[in-house]
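> One structure, as structure tokens, below. Some questions next.
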Amino acid sequence: MNHTSNIITILIIFTLLLLLSSCSSKPVVSQQTIEVQSKQEVVIGARDGAQSYRWSQLSGMSVVLVDTDKQTLRFIAPEVEREERLVFEVEVKFGDTVQKVQVTVVVSPLGDNTDDNSTDDTNSSSGGGSDDNATAGNSNNNTTIEGDDNTITTPQTVILISLKLTIDKNTLNKEENTTVKVIAIYSDNTTKEVTEKVEWLVTPSDTVKITSTTLKVLKDRSTTVKAKINTVTSDAISLNIYWEINGHTLPPEPDKTTNDATLLGVDVNNNNVRDDVERWIYETYKDKHPIHIDIAMQAGRAWQKVLEDPTKAKEIHDYVSAPVYCEGYYMVYAGNFGDINYIKEKIITKNFDRKVYNTKEREEAYLKYQTFLSGDSYTVPWPSEGKKCCDFNTSKYED
């Protein structure tokens with residue numbers, strides 16, 4: 001009885017060894033030579049159950065490989081005028097065993113016969129449709145090559161390969177518009193405009209607004225724009241956005257923390273007017289007669305002088321007071337006795353003061369300036385003489 005059991009055990013072990021041997025001899029790919037036609041999609045399947053897959057092209061006309069780390073490799077056969085051979089390699093790992101197998105794809109020009117063992121009843125499209133997010137078009141004439149383990153299908157599926165973004169102007173004034181356009185490029189070399197279907201990636205996000213095919217600038221700041229559909233993203237386009245009023249290019253908006261960290265703040269264009277004050281002046285008076293900006297900028301320079309050293313109040317008094325006298329001339333004297341009347345409301349007001357002396361430290365500097373002025377008397381010019389106190393070219397406003 002024991003002898004018989006031993007024989008049965010040996011037979012079972014031998015049978016299992018044969019089965020294991022049969023499984024291990026299973027090919028990594030069902031066919032190592034595949035024949036297709038130009039512009040067909042090729043789908044090559046490797047044996048399932050591997051821990052990892054890695055596909056690569058060894059030779060032949062270069063093609064765009066899709067899913068190189070998956071069991072199934074996809075690509076579009078190139079358009080050829082004569083037969084071309086493309087060689088690919090798949091490296092698969094089963095346990096501790098790594099196997100490498102080469103597959104040759106023979107590409108024939110359109111119209112040549114290929115080894116087509118399929119019928120219309122067994123074919124199916126592996127994708128397609130009108131969704132621009134993934135593929136475009138449906139396959140009507142698929143080629144299927146069947147093997148022991150895998151089916152190698154070559155449907156004419158079209159895949160979105162890249163997006164081409166164009167912007168009519170990349171140097172723009174604030175609040176200016178321009179036109180954007182996005183072209184989708186597919187694996188069969190066809191193209192399609194998809195501008196209104198993309199997701200916009202704008203950095204910083206609040207600098208421009210894109211609606212349909214129109215890009216509107218909101219802020220003057222360096223900006224990058226990209227278009228995206230699903231996982232496909234266009235190259236970035238950099239925009240140089242500036243702000244120009246009356247032929248004057250304004251400095252960029254300063255960082256508030258940096259600007260308020262010192263009394264003098266930020267003045268990147270070195271015109272002795274703090275950048276946030278300069279931008280406020282041009283924004284406030286851009287729609288009024290330009291003399292408003294000239295007088296306000298003169299006041300900005302004078303008030304900045306106070307912040308430089310308020311202890312020199314008596315030395316700088318005339319300079320600091322000059323824009324007030326200049327304003328008085330154009331508002332009072334010229335308005336009542338002259339031929340021009342550009343100013344009907346005061347420019348240098350408490351609101352202007354609050355804009356310049358906008359932190360506790362700056363307010364304290366101004367109060368210190370006022371304190372150091374005490375004890376002296378100062379001459380106020382006649383209204384008719386106020387024009388001499390203007391530090392800009394007044395003749396440009398006279399006929």
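Identifiers in the structure tokens: chain A, B, ... in order shown; residue index from 1 per chain; ligand index from 1 in order shown.
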I'd like the contact shell of Tyr378 (chain A) - 10 Å cut-off, only C-alpha atoms, skipping same-chain residues fewer than 3 positions apart - returned as a list of chain:residue names.
A:Lys314, A:His317, A:Asp318, A:Leu373, A:Pro381
> Please save N, CA and C atoms of the selected residues as a short mmCIF file (atom, residue, chain, number, x, y, z; two decimals), in the first residue's frame.

data_model
loop_
_atom_site.label_atom_id
_atom_site.label_comp_id
_atom_site.auth_asym_id
_atom_site.auth_seq_id
_atom_site.Cartn_x
_atom_site.Cartn_y
_atom_site.Cartn_z
N LYS A 314 13.25 123.27 8.07
CA LYS A 314 13.43 124.66 7.67
C LYS A 314 14.20 124.77 6.36
N HIS A 317 11.67 123.64 3.51
CA HIS A 317 10.31 124.20 3.54
C HIS A 317 9.85 124.73 2.19
N ASP A 318 10.66 125.54 1.55
CA ASP A 318 10.26 126.14 0.28
C ASP A 318 10.00 125.07 -0.79
N LEU A 373 9.48 122.90 12.04
CA LEU A 373 9.20 124.16 11.34
C LEU A 373 8.92 125.31 12.30
N PRO A 381 4.25 133.39 -1.60
CA PRO A 381 4.24 134.20 -2.83
C PRO A 381 2.84 134.66 -3.20
#
> Would you kindly return, as a ChimeraX atom specification, each protein, DNA or RNA residue with an atom no farther than 10 Å from any atom of Val98 (chain A), considering only C-alpha atoms and excluding same-chain residues fewer than 6 positions away?
/A:50-53,91-92
> Please provide the set of residues having any atom within 12 Å of Trp382 (chain A), restricted to only C-alpha atoms, with same-chain residues fewer than 6 positions apart removed, written as a PyMOL selection string.
chain A and resi 325-326+328-329+332-333+388-389
> Could you dump the residues just selected with N, CA and C atoms as an mmCIF file, in the first residue's frame?

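See part.cif below for the written result:
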data_model
loop_
_atom_site.group_PDB
_atom_site.id
_atom_site.type_symbol
_atom_site.label_atom_id
_atom_site.label_comp_id
_atom_site.auth_asym_id
_atom_site.auth_seq_id
_atom_site.Cartn_x
_atom_site.Cartn_y
_atom_site.Cartn_z
ATOM 1 N N TYR A 325 1.724 126.129 -3.888
ATOM 2 C CA TYR A 325 1.647 127.425 -4.559
ATOM 3 C C TYR A 325 1.403 127.254 -6.059
ATOM 4 N N CYS A 326 2.019 126.238 -6.640
ATOM 5 C CA CYS A 326 1.809 125.936 -8.068
ATOM 6 C C CYS A 326 0.346 125.598 -8.318
ATOM 7 N N GLY A 328 -2.177 126.488 -6.467
ATOM 8 C CA GLY A 328 -2.967 127.689 -6.243
ATOM 9 C C GLY A 328 -3.016 128.586 -7.460
ATOM 10 N N TYR A 329 -1.894 128.679 -8.170
ATOM 11 C CA TYR A 329 -1.867 129.515 -9.366
ATOM 12 C C TYR A 329 -2.875 129.011 -10.393
ATOM 13 N N VAL A 332 -6.647 129.116 -8.699
ATOM 14 C CA VAL A 332 -7.238 130.404 -8.302
ATOM 15 C C VAL A 332 -6.910 131.512 -9.305
ATOM 16 N N TYR A 333 -5.626 131.813 -9.443
ATOM 17 C CA TYR A 333 -5.254 132.972 -10.267
ATOM 18 C C TYR A 333 -5.588 132.750 -11.736
ATOM 19 N N LYS A 388 5.731 130.250 -10.920
ATOM 20 C CA LYS A 388 7.184 130.092 -10.817
ATOM 21 C C LYS A 388 7.574 128.953 -9.873
ATOM 22 N N CYS A 389 6.622 128.533 -9.027
ATOM 23 C CA CYS A 389 6.903 127.449 -8.079
ATOM 24 C C CYS A 389 6.709 126.066 -8.695
#
> Can you pull out every residue within 6 Å of Lys228 (chain A), counting only C-alpha atoms, but drop anything in the same chain fewer than 2 positions away, and send it as a PDB file with N, CA and C atoms, in the first residue's frame?

ATOM      1  N   VAL A 198     -10.306  74.273 -24.034  1.00  0.00           N
ATOM      2  CA  VAL A 198      -9.145  74.007 -23.185  1.00  0.00           C
ATOM      3  C   VAL A 198      -9.341  74.547 -21.776  1.00  0.00           C
ATOM      4  N   GLU A 199      -8.525  74.038 -20.860  1.00  0.00           N
ATOM      5  CA  GLU A 199      -8.395  74.602 -19.517  1.00  0.00           C
ATOM      6  C   GLU A 199      -7.182  75.530 -19.539  1.00  0.00           C
ATOM      7  N   VAL A 232      -2.672  66.549 -21.647  1.00  0.00           N
ATOM      8  CA  VAL A 232      -1.830  67.180 -22.675  1.00  0.00           C
ATOM      9  C   VAL A 232      -1.798  68.686 -22.436  1.00  0.00           C
ATOM     10  N   THR A 233      -0.588  69.251 -22.314  1.00  0.00           N
ATOM     11  CA  THR A 233      -0.419  70.673 -22.014  1.00  0.00           C
ATOM     12  C   THR A 233       0.469  71.321 -23.073  1.00  0.00           C
TER      13      THR A 233
END
> Work out how far CA of Ser108 (chain A) is from CA of Asp67 (chain A), in Å to one decimal.
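Interatomic distance, CA of Asp67 (chain A) to CA of Ser108 (chain A): 23.8 Å.
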> Can you list, as a list in words, every protein, DNA or RNA residue that comes within 7 Å of Arg85 (chain A) when you count only C-alpha atoms, leaving out same-chain residues fewer than 3 positions away?
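Close residues of Arg85 (chain A): Gly60, Thr104, Val105, Val106 and Val107 of chain A.
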> Between CA of Lys226 (chain A) and CA of Ala184 (chain A), what is the distance in Å, rounded to a tenth?
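Going from CA of Lys226 (chain A) over to CA of Ala184 (chain A) covers 13.3 Å.
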> Between A:Glu278, A:Glu327, A:Glu308, A:Glu385, which is the closest to Ile291 (chain A) once you count only C-alpha atoms?
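Of A:Glu278, A:Glu327, A:Glu308, A:Glu385, the one nearest Ile291 (chain A), counting only C-alpha atoms, is A:Glu327.
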> Can you pull out every residue from region 205-394 of chain A that DSSP, working from the backbone, puts in helix (DSSP H, G or I), and format the result as a ChimeraX atom specification?
/A:256-259,275-285,291-308,310-337,350-356,360-373,383-389,394
> Keeping C-alpha atoms, export the residues of the selection given above as a short mmCIF file (atom, residue, chain, number, x, y, z; two decimals), in the first residue's frame.

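Writing done, so here's out19.cif:
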data_model
loop_
_atom_site.label_atom_id
_atom_site.label_comp_id
_atom_site.auth_asym_id
_atom_site.auth_seq_id
_atom_site.Cartn_x
_atom_site.Cartn_y
_atom_site.Cartn_z
CA LYS A 256 3.22 96.01 0.36
CA THR A 257 5.32 94.44 3.10
CA THR A 258 8.57 95.48 1.43
CA ASN A 259 7.21 98.91 0.52
CA ASP A 275 5.98 103.64 -6.60
CA ASP A 276 2.63 103.05 -4.90
CA VAL A 277 2.05 106.83 -4.77
CA GLU A 278 3.04 107.25 -8.43
CA ARG A 279 0.63 104.52 -9.55
CA TRP A 280 -2.17 106.04 -7.46
CA ILE A 281 -1.59 109.50 -8.99
CA TYR A 282 -1.75 108.23 -12.58
CA GLU A 283 -4.78 106.02 -11.85
CA THR A 284 -6.62 108.92 -10.14
CA TYR A 285 -5.95 111.61 -12.75
CA ILE A 291 -1.55 119.11 -15.56
CA HIS A 292 -3.24 117.30 -12.65
CA ILE A 293 -0.60 114.55 -12.89
CA ASP A 294 2.26 117.06 -13.16
CA ILE A 295 1.18 118.91 -10.00
CA ALA A 296 0.49 115.68 -8.09
CA MET A 297 3.89 114.22 -9.03
CA GLN A 298 5.60 117.42 -7.87
CA ALA A 299 3.79 117.03 -4.55
CA GLY A 300 4.86 113.37 -4.41
CA ARG A 301 8.51 114.39 -4.77
CA ALA A 302 8.12 117.09 -2.10
CA TRP A 303 6.40 114.81 0.41
CA GLN A 304 9.10 112.17 -0.15
CA LYS A 305 11.67 114.81 0.81
CA VAL A 306 9.94 115.14 4.19
CA LEU A 307 10.39 111.40 4.77
CA GLU A 308 14.09 111.53 3.88
CA PRO A 310 12.11 115.58 8.72
CA THR A 311 14.67 117.30 10.97
CA LYS A 312 15.71 119.46 7.98
CA ALA A 313 12.26 121.03 7.88
CA LYS A 314 13.43 124.66 7.67
CA GLU A 315 15.92 123.88 4.89
CA ILE A 316 13.39 122.08 2.71
CA HIS A 317 10.31 124.20 3.54
CA ASP A 318 10.26 126.14 0.28
CA TYR A 319 10.70 122.94 -1.77
CA VAL A 320 7.93 121.16 0.15
CA SER A 321 5.53 124.11 -0.12
CA ALA A 322 6.16 124.83 -3.82
CA PRO A 323 3.55 122.36 -5.25
CA VAL A 324 0.84 123.99 -3.09
CA TYR A 325 1.65 127.43 -4.56
CA CYS A 326 1.81 125.94 -8.07
CA GLU A 327 -1.62 124.37 -7.59
CA GLY A 328 -2.97 127.69 -6.24
CA TYR A 329 -1.87 129.51 -9.37
CA TYR A 330 -3.70 127.17 -11.76
CA MET A 331 -6.75 126.83 -9.54
CA VAL A 332 -7.24 130.40 -8.30
CA TYR A 333 -5.25 132.97 -10.27
CA ALA A 334 -5.34 131.38 -13.72
CA GLY A 335 -8.94 130.42 -13.21
CA ASN A 336 -10.05 133.93 -12.28
CA PHE A 337 -7.66 136.17 -14.15
CA LYS A 350 -5.91 115.32 3.09
CA ASN A 351 -6.63 112.30 0.92
CA PHE A 352 -3.30 112.88 -0.86
CA ASP A 353 -1.56 113.24 2.52
CA ARG A 354 -3.04 109.93 3.72
CA LYS A 355 -1.80 108.16 0.60
CA VAL A 356 1.79 109.36 1.13
CA LYS A 360 2.34 105.07 11.59
CA GLU A 361 6.06 105.67 11.05
CA ARG A 362 5.42 107.96 8.07
CA GLU A 363 2.78 109.91 9.98
CA GLU A 364 5.22 110.40 12.83
CA ALA A 365 7.87 111.65 10.39
CA TYR A 366 5.43 114.23 9.02
CA LEU A 367 4.53 115.43 12.54
CA LYS A 368 8.23 115.71 13.32
CA TYR A 369 8.64 117.85 10.19
CA GLN A 370 5.87 120.18 11.39
CA THR A 371 7.49 120.42 14.83
CA PHE A 372 10.87 121.39 13.39
CA LEU A 373 9.20 124.16 11.34
CA PRO A 383 -0.98 133.99 -6.41
CA SER A 384 0.23 135.51 -9.67
CA GLU A 385 3.76 134.37 -8.82
CA GLY A 386 2.70 130.78 -8.06
CA LYS A 387 3.48 129.51 -11.54
CA LYS A 388 7.18 130.09 -10.82
CA CYS A 389 6.90 127.45 -8.08
CA THR A 394 4.38 124.97 -17.82
#
> Quick one: of A:Ala77, A:Ile237, A:Leu263, A:Val273, who's nearest to Val202 (chain A), counting only C-alpha atoms?
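For Val202 (chain A), the nearest of the given residues is A:Ile237.
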> Just the number, please: distance in Å from CA of Ile44 (chain A) to CA of Phe88 (chain A), one decimal.
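Interatomic distance here is 10.0 Å.
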> Pick out the residues sitting within 8 Å of Lys169 (chain A), and hand them over as a list in words; count only C-alpha atoms, and ignore anything fewer than 3 positions along from it in its own chain.
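Once the adjacent positions are removed, what remains is Leu172, Thr178 and Thr179 of chain A.
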